[in-house]
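As C-alpha cells, the structure follows; a few thoughts come after it.
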Amino acid sequence: MTTQVDRPVVASDAEQAAGSARWAHRHLLDVDGLTRADIDLVMRTTDEMHEVLGRPIPKVPALRGTSVTILFYEASTRTRVSFEVAAKNLSADVVNIAASTSSVTKGESLVDTVRTIEALGADMLVMRHAVSGAPYLAAEVFGGSVLNGGDGWHGHPTQALLDLYTLRGRLPGGSLEGRKVVILGDVLHSRVARSNIWTLTAMGADLWLCGPTTLLRGFEAWAARGAAGRRFTVTADVGAALRDADAVMALRIQRERMAGGLLPSLREYAARYGLTRERLRAASPEVIVLHPGPMNEGVEIAPDVAVDPRSVITAQVANGVAVRMALLYLLAGTHHDAASRRELS
Amino acid sequence: MTTQVDRPVVASDAEQAAGSARWAHRHLLDVDGLTRADIDLVMRTTDEMHEVLGRPIPKVPALRGTSVTILFYEASTRTRVSFEVAAKNLSADVVNIAASTSSVTKGESLVDTVRTIEALGADMLVMRHAVSGAPYLAAEVFGGSVLNGGDGWHGHPTQALLDLYTLRGRLPGGSLEGRKVVILGDVLHSRVARSNIWTLTAMGADLWLCGPTTLLRGFEAWAARGAAGRRFTVTADVGAALRDADAVMALRIQRERMAGGLLPSLREYAARYGLTRERLRAASPEVIVLHPGPMNEGVEIAPDVAVDPRSVITAQVANGVAVRMALLYLLAGTHHDAASRRELS
Amino acid sequence: MTTQVDRPVVASDAEQAAGSARWAHRHLLDVDGLTRADIDLVMRTTDEMHEVLGRPIPKVPALRGTSVTILFYEASTRTRVSFEVAAKNLSADVVNIAASTSSVTKGESLVDTVRTIEALGADMLVMRHAVSGAPYLAAEVFGGSVLNGGDGWHGHPTQALLDLYTLRGRLPGGSLEGRKVVILGDVLHSRVARSNIWTLTAMGADLWLCGPTTLLRGFEAWAARGAAGRRFTVTADVGAALRDADAVMALRIQRERMAGGLLPSLREYAARYGLTRERLRAASPEVIVLHPGPMNEGVEIAPDVAVDPRSVITAQVANGVAVRMALLYLLAGTHHDAASRRELS
C-alpha cells in the first residue's frame with residue numbers, strides 16, 4: 001500500500017500545497033474537509049495501528065491520561081465497541097454514556113450535555129446522534145476533539161475511512177483511481193453513502209449510486225453539479241451499475257422505511273436490488289463486496305454473498321478498530337494539554 | 001482558601017472537640033452527620049484532588065485494588081460518570097450496574113442485591129435510588145462503604161459538598177459566614193436542597209429558600225424549629241429572596257410535577273420564579289449562580305444566565321469529580337483491608 | 001478439599017484414561033462434556049483463584065492482552081458482573097454489550113453479531129441468550145472461546161460448577177459421593193437445574209428433584225433412563241425429598257410462569273414447596289442451603305432460611321467469581337495466540 005499523495009482533494013489548502021503530512025484538524029465531523037494528504041496520513045497511520053493489533057498484546061501507551069467519552073444517542077454495537085476498543089488499545093480512559101439510560105432523557109440540551117461531559121474531564125468526545133449536524137453543534141462548545149460516530153442521514157466519516165482502507169488493501173496497487181465502485185441500496189437515508197461519496201470520488205474512483213428511484217432523490221442533482229474531476233453516476237438500473245464493477249457496497253435497508261411508502265416491500269426490494277451471486281456475475285471476477293453492517297441477510301444481500309470469499313465485510317469491522325485508533329491518535333495531537341482546559345473551582 | 005475550622009457543627013463530638021482532622025465515617029449517607037471539622041477535611045482533601053486533576057495524567061494509585069460498584073436505579077449522567085471518573089482517577093476498579101438492565105428488575109430485594117454486590121467483591125458501593133432512605137438500608141448490610149448518590153427527595157450529599165466547595169472557591173476569604181445564599185425553585189421535591197440546607201447553614205450562611213408556596217411545604221416549620229445559630233428563611237417572595245444575594249442556586253423543575261397540580265404551568269413558573277438577568281439585578285453585583293443540573297433552560301433558569309460569567313455551573317461539575325475523589329479516598333481509609341471481608345467457599 | 005479424581009464421568013476419553021489434568025476444551029457450553037478429571041481441574045484451579053481473591057490486590061496478569069466480550073441478551077446482575085470482575089482480576093480487557101441497547105435490536109443475526117465481535121478483537125465471548133442452544137451456534141463461528149452464561153432453559157455451566165465448588169467446600173472430606181442433594185422448585189424451566197443434574201450425579205451425589213408435578217415434566221423419563229451409576233430421583237413429595245438431605249437448592253419461581261397455568265399461585269406454591277425452617281427440620285442438621293439467585297424471598301425460600309447459618313447463598317456468589325476466573329484461565333490456554341486470528345485489511 002504505497003499510494004502516492006499527488007492530487008489535492010480540495011482546491012486551496014496551504015498545507016497540502018506544501019505537501020505536509022501534519023494533521024491539522026481538531027475534530028472529525030465528516031470527511032468532506034479532509035485533503036488527500038489528510039486521507040493518506042490516516043491510511044498510513046492505520047497501517048501502523050494495524051501492526052499494533054497484530055501484536056500479542058495489542059496496546060500502546062499513546063493516549064495514556066486521555067479521557068474519551070462515547071456518547072451514543074442511538075443503538076449501536078460495532079461502532080460503539082470499535083471506538084471503545086480503539087481507545088483502550090491506545091491506553092485512553094473510556095466512559096460510555098448511552099443516552100437512553102442517562103439524564104439526557106430528562107430533556108437537557110445537547111449543548112449542556114456536552115459542556116457537562118467536558119467538565120467531567122473528557123478530552124475527546126465520540127458521539128452518535130439521530131439529528132444531522134448534532135456533532136457540529138457539539139464541536140462549537142466542546143474544548144477537546146469531537147469525533148462523529150454517525151449523525152442522522154448526514155455523515156459517518158470513520159465508516160468511510162475504514163471502507164477506503166479496506167478497498168485500498170484489496171485493490172491491486174492500492175489505488176482507487178478509475179475503479180468502478182457501486183453503492184447499492186437506500187442511498188437516500190444513508191450517512192454511510194454520503195460520507196463514502198466524498199472519499200471515494202476524492203480518491204479518483206468511478207462512483208455509481210444505484211437503488212430504487214425513490215431512494216436516490218436529490219443525488220442526480222449532486223452528481224450533475226459534481227466537483228471537477230469527480231466521476232459520479234446515479235442510476236436505478238442495477239445491471240448497468242454492476243457491469244464490470246470493481247467493488248460493490250450494499251447498504252442496509254431499514255425496515256422502518258416501508259412505512260413511509262418509499263419501498264414496496266422487503267421481498268420486492270430483495271428481488272429487484274438484492275446483491276445475489278447471480279447479479280454479481282456481471283461484475284469483475286475479483287469484485288470486492290462490502291457492507292457497513294448490520295446486515296439484513298436475504299434482503300439487501302444474499303447470505304451466500306455475505307460469506308463469499310470476495311466479501312470483505314468482516315475485514316471492514318477489523319479495519320474499523322485500526323482506523324479509529326489512527327484517528328484518535330491523530331486528533332489527540334491537535335489540542336493542548338488536556339488538563340489545561342479543565343475549569344476547576 | 002484558608003477557612004479556619006473553628007466552630008462545631010454538631011453540639012458534642014469528641015473528635016472535633018479535640019480538633020482532630022481524622023475521618024471517622026464509614027459511609028456517606030447524608031451531610032447531616034458531618035461535623036464542621038469533617039467538612040473542612042473534605043474541602044482540604046478536595047484541594048489536593050484538584051491538584052491531581054491539573055496534572056497531565058490525572059491519576060494517583062490511592063485506591064489500587066479497591067473495587068467500586070456504582071448501582072443506579074435512576075437515570076443519571078453527571079453523577080454516575082462523575083463517580084466513575086473519580087474512582088478511576090484513584091485507580092480503583094469500577095463496575096457499573098444500571099438497575100434497568102440488571103436482575104434488579106426481576107424483583108430481588110435491595111438487601112439481597114447489596115449482599116450480592118459485596119460477595120462479587122465490591123469494597124465501596126455508590127448508589128442512587130428513588131426511595132428516600134434506601135442507602136441507609138444498604139449500609140446496614142454492606143460490609144464496605146456506602147456513598148449516597150441521591151435518594152428520593154431525601155439527600156444528595158456529594159452534591160451539597162461540591163456546591164459548598166464551589167462557593168468557597170468563589171467567595172472572598174472562602175467563607176460563607178453571613179453570606180446570603182438563596183435556593184430557588186422546587187424545594188419540596190429536591191434532595192439537593194435538603195442536603196444543601198445542612199451544609200450551608202452549618203457553614204454560617206444566611207440561607208433563604210424561595211419558590212411557590214406549594215413547593216415549600218414543611219420547610220417553614222423546619223426553619224422555625226431551626227438549629228441554634230442557623231439562619232434560615234422561607235419565602236415565596238422572589239424579590240425579597242434575591243435582594244443583595246451573594247449566591248443563588250436555581251433548582252430543576254421536574255416536568256412530571258405539573259401532573260400533581262403543584263405547579264400551574266412551566267410558562268407561569270418561568271415568569272414568576274425563573275432566574276433571569278432582570279431578576280438578578282436585585283442581587284449582589286458579584287452574585288454566584290449555581291444549578292445542580294440538568295437544566296431546563298428557559299424554565300427555572302434563563303439561557304443567558306446559565307452562561308453568564310457569574311454562573312459557576314460548569315465549575316460545579318468539574319469540582320464534583322474532585323469532591324468525589326476526596327470522599328472515596330477518605331472513606332476507603334475507614335474500613336479494613338477489603339480482602340478480609342470477602343466470604344469465600 | 002482433597003477429592004481424588006478416580007472415576008471417569010463419561011465412558012471413553014483418552015485423556016482422562018491417561019489421568020491427564022490438561023484442559024482440552026476450547027469452549028464451555030455446558031457441563032455434560034466435562035470429564036471428572038476436567039471438573040477436578042476446575043476445582044483445583046478455583047482454589048488457586050480463591051487464594052488470589054484473598055490478596056490485598058486481587059489481581060494477576062494471566063490474561064493481559066486478552067479481550068473478553070460479555071454479550072448478554074437477558075437482564076442479569078450477578079452473572080454479568082461476576083464474569084466482568086473475574087476477567088478484570090485476570091487483567092483481561094472487558095467489553096460489555098447489553099443486547100437491548102445494541103444494534104442487535106436492529107435484527108442482525110446472531111452469527112453476524114458473533115463474527116462482528118470477533119472482528120472487533122474479542123478473544124473470548126461470554127454470552128447469555130434466551131434461546132437454548134444459542135452459544136453452540138456462536139461457538140461454530142467464533143474463532144476464540146465461547147462461555148455460556150445461561151441459554152434458555154438449557155444450561156448454565158458456570159452456575160453448576162460454582163454450586164459444586166461451594167458444596168465441596170462445605171461437605172466433610174469435600175466429597176459428594178452418596179450425599180443426598182435436593183433441587184427444589186421449578187425444575188422444568190431451570191437451566192440451573194439441568195446443568196446441576198450433570199455435575200452432581202457425575203460426582204456421585206444422590207440427587208433428588210422435587211416440585212409440583214407440572215414443573216417436573218420430562219424429568220422422570222430422564223431419571224428412568226439414567227446414566228449407569230447415577231442416582232437420580234424425581235418426586236412431588238417435598239417431605240420425602242427433604243428427609244435427611246445433606247443439601248437443598250431452592251430454585252427461583254419466575255412470576256411469569258403463573259400465566260401459563262403451571263402454578264396455581266405464588267402463595268400456594270410457597271405454602272406447599274417453599275423452603276422454610278419448619279420443612280428443613282426433616283433434613284440433616286448440617287444441611288447446606290443453596291439458591292442461585294435472585295431470590296423471591298417468601299416464595300421459594302423463607303427470608304429467615306436465606307440468612308440462616310446453614311445458607312451458603314452469599315458464598316455461592318463469591319465462589320462464582322473464583323470459578324469464572326478459573327474457567328477463563330483454563331479456556332484461554334486452549335486457543336492460539338489471539339492476534340493471529342484477527343483478520344485485518
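Just remember, in the C-alpha cells the first chain shown is A, the second B, etc., residues are 1-based per chain, and ligands are 1-based in the order shown.
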
Contacts of Leu28 in chain B at 9 Å (only C-alpha atoms; same-chain gap of 2+ positions) as a list in words
His25, Arg26, Asp30, Val31, Gly33, Ser145, Val146, Leu147, Asn148, Pro157, Thr158, Leu327 and Leu331 of chain B

Kindly save the residues from that selection, with all heavy atoms included, as a short mmCIF file (atom, residue, chain, number, x, y, z; two decimals), in the first residue's frame.
```
data_model
loop_
_atom_site.label_atom_id
_atom_site.label_comp_id
_atom_site.auth_asym_id
_atom_site.auth_seq_id
_atom_site.Cartn_x
_atom_site.Cartn_y
_atom_site.Cartn_z
N HIS B 25 -16.03 8.39 59.42
CA HIS B 25 -17.30 7.87 58.92
C HIS B 25 -17.07 6.76 57.90
O HIS B 25 -16.35 6.97 56.93
CB HIS B 25 -18.11 8.99 58.27
CG HIS B 25 -18.33 10.15 59.18
ND1 HIS B 25 -19.36 10.20 60.08
CD2 HIS B 25 -17.62 11.30 59.37
CE1 HIS B 25 -19.29 11.34 60.78
NE2 HIS B 25 -18.24 12.02 60.35
N ARG B 26 -17.71 5.63 58.11
CA ARG B 26 -17.53 4.56 57.14
C ARG B 26 -18.38 4.80 55.89
O ARG B 26 -18.00 4.44 54.79
CB ARG B 26 -17.91 3.21 57.76
CG ARG B 26 -17.38 2.06 56.95
CD ARG B 26 -17.65 0.73 57.61
NE ARG B 26 -18.90 0.18 57.13
CZ ARG B 26 -19.53 -0.84 57.67
NH1 ARG B 26 -19.04 -1.41 58.77
NH2 ARG B 26 -20.65 -1.30 57.16
N ASP B 30 -25.60 11.05 54.24
CA ASP B 30 -26.05 12.42 54.06
C ASP B 30 -25.01 13.31 54.75
O ASP B 30 -24.06 12.82 55.34
CB ASP B 30 -27.45 12.65 54.62
CG ASP B 30 -28.09 13.91 53.99
OD1 ASP B 30 -27.44 14.58 53.15
OD2 ASP B 30 -29.23 14.23 54.35
N VAL B 31 -25.25 14.60 54.67
CA VAL B 31 -24.30 15.54 55.27
C VAL B 31 -24.66 15.91 56.70
O VAL B 31 -23.87 16.56 57.38
CB VAL B 31 -24.21 16.83 54.42
CG1 VAL B 31 -23.39 16.57 53.17
CG2 VAL B 31 -25.59 17.33 54.06
N GLY B 33 -24.70 14.30 59.36
CA GLY B 33 -23.86 13.72 60.40
C GLY B 33 -22.42 14.22 60.36
O GLY B 33 -21.59 13.77 61.14
N SER B 145 -18.09 0.50 52.34
CA SER B 145 -18.62 1.86 52.48
C SER B 145 -19.73 2.12 51.46
O SER B 145 -19.58 1.77 50.28
CB SER B 145 -17.51 2.89 52.22
OG SER B 145 -16.56 2.84 53.26
N VAL B 146 -20.82 2.73 51.91
CA VAL B 146 -21.90 3.13 51.01
C VAL B 146 -21.84 4.64 50.82
O VAL B 146 -21.73 5.39 51.80
CB VAL B 146 -23.28 2.73 51.57
CG1 VAL B 146 -24.40 3.28 50.70
CG2 VAL B 146 -23.39 1.22 51.70
N LEU B 147 -21.89 5.08 49.58
CA LEU B 147 -21.97 6.51 49.28
C LEU B 147 -23.31 6.78 48.60
O LEU B 147 -23.63 6.16 47.58
CB LEU B 147 -20.84 6.94 48.33
CG LEU B 147 -19.43 6.95 48.94
CD1 LEU B 147 -18.77 5.60 48.72
CD2 LEU B 147 -18.58 8.05 48.32
N ASN B 148 -24.04 7.68 49.15
CA ASN B 148 -25.35 8.04 48.62
C ASN B 148 -25.19 8.98 47.41
O ASN B 148 -24.71 10.10 47.56
CB ASN B 148 -26.18 8.72 49.72
CG ASN B 148 -27.58 9.07 49.28
OD1 ASN B 148 -27.96 8.79 48.14
ND2 ASN B 148 -28.33 9.69 50.18
N PRO B 157 -25.71 14.08 49.25
CA PRO B 157 -24.60 14.69 50.00
C PRO B 157 -23.41 15.13 49.15
O PRO B 157 -22.81 16.17 49.43
CB PRO B 157 -24.20 13.59 50.99
CG PRO B 157 -24.77 12.32 50.46
CD PRO B 157 -26.01 12.71 49.73
N THR B 158 -23.06 14.36 48.11
CA THR B 158 -21.90 14.80 47.32
C THR B 158 -22.22 16.07 46.55
O THR B 158 -21.33 16.90 46.33
CB THR B 158 -21.41 13.69 46.35
OG1 THR B 158 -22.47 13.33 45.46
CG2 THR B 158 -20.96 12.46 47.12
N LEU B 327 -13.91 12.12 48.71
CA LEU B 327 -14.77 11.31 49.55
C LEU B 327 -14.44 9.82 49.43
O LEU B 327 -14.38 9.10 50.42
CB LEU B 327 -16.24 11.58 49.21
CG LEU B 327 -16.70 12.98 49.65
CD1 LEU B 327 -17.99 13.38 48.95
CD2 LEU B 327 -16.87 13.03 51.18
N LEU B 331 -13.21 7.76 52.68
CA LEU B 331 -13.98 6.60 53.13
C LEU B 331 -13.18 5.31 53.02
O LEU B 331 -13.31 4.42 53.85
CB LEU B 331 -15.27 6.48 52.31
CG LEU B 331 -16.32 7.57 52.58
CD1 LEU B 331 -17.42 7.52 51.53
CD2 LEU B 331 -16.92 7.42 53.97
#
```

Need to verify the contact set: Asn89 in chain C, 12 Å, only C-alpha atoms, exclusion of same-chain residues closer than 2 positions in sequence. Can you return it as a PyMOL selection string?
(chain B and resi 65-67+93-94+120-121) or (chain C and resi 49-50+52-55+57-64+81-87+91-94+321-322+324-326+328-329)

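Among the candidates C:Glu108, C:Asp246, C:Glu300, C:Glu220, the residue lying nearest to chain A is C:Glu108 (atoms considered: only C-alpha atoms).
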
I'd like to know which residues of range 106-226 of chain C are helix (DSSP H, G or I) (by DSSP, run on the backbone); could you write them as a PyMOL selection string?
chain C and resi 106+110-119+134-141+157-170+172-174+191-202+213-215+219-225

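Nearest residue to chain C, choosing from A:Lys180, A:His291, A:Arg231, A:Arg272 and counting only C-alpha atoms: A:His291.
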
Mind dumping a table of every chain C residue within 6 Å of chain B, with the nearest atom pair and its distance in Å to one decimal, using only C-alpha atoms, sorted by chain and rising number, as a Markdown table?
```
| residue | atom | partner | partner_atom | distance |
| --- | --- | --- | --- | --- |
| C:Gly54 | CA | B:Ala339 | CA | 5.2 |
| C:Pro56 | CA | B:Ala339 | CA | 5.6 |
| C:Ile57 | CA | B:Gly65 | CA | 4.4 |
| C:Ala75 | CA | B:Ser102 | CA | 4.8 |
| C:Ser76 | CA | B:Ser103 | CA | 4.5 |
| C:Thr77 | CA | B:Ser102 | CA | 4.8 |
| C:Thr166 | CA | B:Ser345 | CA | 5.5 |
| C:Gly169 | CA | B:Ser345 | CA | 5.6 |
| C:Pro294 | CA | B:Glu108 | CA | 5.6 |
| C:Met295 | CA | B:Glu108 | CA | 5.9 |
| C:Ala315 | CA | B:Leu344 | CA | 5.5 |
| C:Val317 | CA | B:Ala119 | CA | 5.7 |
| C:Ala318 | CA | B:Ala119 | CA | 4.7 |
| C:Asn319 | CA | B:Leu344 | CA | 5.8 |
```

Produce a file of the selected residues containing all heavy atoms, as a compact mmCIF listing (two decimals), in the first residue's frame.
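In the end it all went to again26.txt:
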```txt
# COMPACT_ATOMS: atom_id res chain seq x y z
N GLY C 54 -8.02 -13.53 47.92
CA GLY C 54 -7.73 -13.19 49.31
C GLY C 54 -6.61 -12.19 49.48
O GLY C 54 -6.34 -11.70 50.57
N PRO C 56 -4.55 -8.56 49.09
CA PRO C 56 -4.96 -7.16 49.17
C PRO C 56 -5.32 -6.59 47.79
O PRO C 56 -6.30 -5.88 47.65
CB PRO C 56 -3.72 -6.46 49.74
CG PRO C 56 -3.00 -7.53 50.49
CD PRO C 56 -3.24 -8.81 49.74
N ILE C 57 -4.54 -6.91 46.79
CA ILE C 57 -4.90 -6.54 45.42
C ILE C 57 -5.16 -7.84 44.67
O ILE C 57 -4.23 -8.55 44.27
CB ILE C 57 -3.78 -5.70 44.75
CG1 ILE C 57 -3.61 -4.39 45.54
CG2 ILE C 57 -4.13 -5.43 43.29
CD1 ILE C 57 -2.66 -3.40 44.92
N ALA C 75 -31.45 -9.69 30.97
CA ALA C 75 -31.01 -8.92 32.13
C ALA C 75 -30.27 -9.82 33.11
O ALA C 75 -30.58 -11.00 33.24
CB ALA C 75 -32.22 -8.30 32.82
N SER C 76 -29.29 -9.28 33.77
CA SER C 76 -28.51 -10.04 34.75
C SER C 76 -27.71 -9.07 35.59
O SER C 76 -27.26 -8.04 35.11
CB SER C 76 -27.54 -10.98 34.03
OG SER C 76 -26.58 -11.49 34.92
N THR C 77 -27.55 -9.35 36.85
CA THR C 77 -26.56 -8.64 37.64
C THR C 77 -25.44 -9.59 37.99
O THR C 77 -24.31 -9.42 37.57
CB THR C 77 -27.13 -8.08 38.96
OG1 THR C 77 -28.19 -7.20 38.66
CG2 THR C 77 -26.06 -7.29 39.72
N THR C 166 -18.91 -24.85 45.90
CA THR C 166 -19.43 -24.43 47.19
C THR C 166 -19.78 -25.64 48.05
O THR C 166 -19.44 -25.70 49.25
CB THR C 166 -20.66 -23.52 47.00
OG1 THR C 166 -20.30 -22.42 46.15
CG2 THR C 166 -21.17 -22.98 48.33
N GLY C 169 -16.70 -27.48 49.32
CA GLY C 169 -16.03 -26.74 50.39
C GLY C 169 -16.71 -26.91 51.74
O GLY C 169 -16.09 -26.69 52.78
N PRO C 294 -31.57 -14.55 41.43
CA PRO C 294 -32.09 -13.74 42.52
C PRO C 294 -33.27 -14.41 43.22
O PRO C 294 -34.02 -15.15 42.58
CB PRO C 294 -32.54 -12.45 41.82
CG PRO C 294 -32.79 -12.85 40.40
CD PRO C 294 -31.86 -13.98 40.11
N MET C 295 -33.39 -14.19 44.51
CA MET C 295 -34.42 -14.85 45.31
C MET C 295 -35.74 -14.08 45.31
O MET C 295 -35.74 -12.86 45.33
CB MET C 295 -33.97 -14.93 46.77
CG MET C 295 -32.79 -15.86 47.02
SD MET C 295 -32.40 -15.98 48.78
CE MET C 295 -31.49 -14.46 49.06
N ALA C 315 -21.92 -17.17 49.80
CA ALA C 315 -20.67 -17.84 49.40
C ALA C 315 -20.75 -18.29 47.94
O ALA C 315 -19.75 -18.26 47.22
CB ALA C 315 -20.40 -19.04 50.32
N VAL C 317 -22.15 -16.73 45.52
CA VAL C 317 -21.83 -15.56 44.68
C VAL C 317 -20.32 -15.30 44.68
O VAL C 317 -19.70 -15.09 43.63
CB VAL C 317 -22.59 -14.31 45.17
CG1 VAL C 317 -22.20 -13.09 44.34
CG2 VAL C 317 -24.09 -14.54 45.12
N ALA C 318 -19.73 -15.34 45.87
CA ALA C 318 -18.29 -15.08 45.97
C ALA C 318 -17.50 -16.16 45.22
O ALA C 318 -16.55 -15.86 44.50
CB ALA C 318 -17.87 -15.01 47.43
N ASN C 319 -17.90 -17.42 45.39
CA ASN C 319 -17.20 -18.50 44.70
C ASN C 319 -17.38 -18.39 43.19
O ASN C 319 -16.52 -18.83 42.43
CB ASN C 319 -17.75 -19.85 45.17
CG ASN C 319 -17.29 -20.19 46.58
OD1 ASN C 319 -16.26 -19.69 47.04
ND2 ASN C 319 -18.07 -21.00 47.27
```

Could you tell me how far CA of Phe142 in chain C lies from CA of Asn296 in chain A, in Å and to one decimal?
19.9 Å

Hey, what's within 7 Å of Leu162 in chain C if we count only C-alpha atoms and toss same-chain stuff fewer than 2 positions away? As a PyMOL selection string, please?
chain C and resi 158-160+164-166+316+319-320+323
